[in-house]
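These notes concern the structure reproduced below.
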Amino acid sequence: MIKPVTVNGHSNEKDRQLDQLTLKVADLQAENTQLRRKLPKSTVDMRRLRQAYRDAKAMLVHRFSGYSISRANCLALGIPERRWTTARALLRLATVHDGNDVVIEEFDQATTLLSGTFESMERAGNAERLKLRVPVSRLWRSR
């Protein structure tokens, strides 16, 4: 360990800590880049699929906590209408939701079905099955 040096009442300790944190951030950024390269294609559709999966999981947690997963309630949770529509379509694709409500009684079973559907679509590298379930008026557009 390097001992701090004090010159004219100023220590180099903060500079040393800043250098260590800068190095740590650089290491984490490099690791993050490597991990992103290992992911399947990172297209707009795949990013939206991953977002739909995160939203659908949050909706399941909310629903099994005894709350409604209506559009208004999910908006209050921070899930905008378009993402709500896509997440709901993913739940329907996973046969967890029937268009009116969640049809699975057990939380673990619902999350397992959702995860299986998501993982198979991610492995395939496309979200076409999900896009077919999203109403045309709410279909995402590639930018």
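Here's how to read the names in the structure tokens: chain A, B, ... by the order shown, residue numbers from 1 in each chain, ligand numbers from 1 in the order shown.
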
Item to check | Long-range neighbours of A:Ala72 as a ChimeraX atom specification, 9 Å cut-off, only C-alpha atoms, 4 positions minimum in chain | outcome: /A:76-77,81

Next on the checklist: What's around stretch 51-68 of chain A at 10 Å? Count only C-alpha atoms, leave out sequence neighbours fewer than 5 positions away in its own chain, and write the answer as a ChimeraX atom specification.
Outcome noted: /A:45-46,73-74,77-80,82-91,96-97,101-102,105-107,110-111,114-115,117-119,130

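Counting from atom CA of A:Ser120, the distance to atom CA of A:Leu75 is 28.0 Å.
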
Next on the checklist: Could you check the closest approach to A:Arg48 for each of A:Val136, A:Ala94, A:Met121, A:Ser70 and tell me which residue wins, using only C-alpha atoms?
Outcome noted: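 Comparing A:Val136, A:Ala94, A:Met121, A:Ser70 against A:Arg48, the winner is A:Met121.
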
Next on the checklist: Quick check, in Å to one decimal: how far apart do atom CA of A:Gly125 and atom CA of A:Leu35 lie?
Outcome noted: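 Value for the atom CA of A:Gly125-atom CA of A:Leu35 distance: 16.7 Å.
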
Checklist entry - Running DSSP on the backbone, which parts of stretch 1-120 of chain A land in alpha helix (DSSP H), as an NGL selection string? => result :A and (13-38 or 44-64 or 71-77 or 81-93 or 107-120)

Item to check | Distance of atom CA of A:Leu93 from atom CA of A:Val134, expressed in Å to one decimal place | outcome: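 Pair atom CA of A:Val134 / atom CA of A:Leu93 returns 10.1 Å.
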
Checklist entry - So which bits of chain A end up strand (DSSP E) when you DSSP the backbone, as a list in words? => result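 Everything in chain A that counts as strand (DSSP E) is Thr6, Val7, His10 and Ser11 of chain A.
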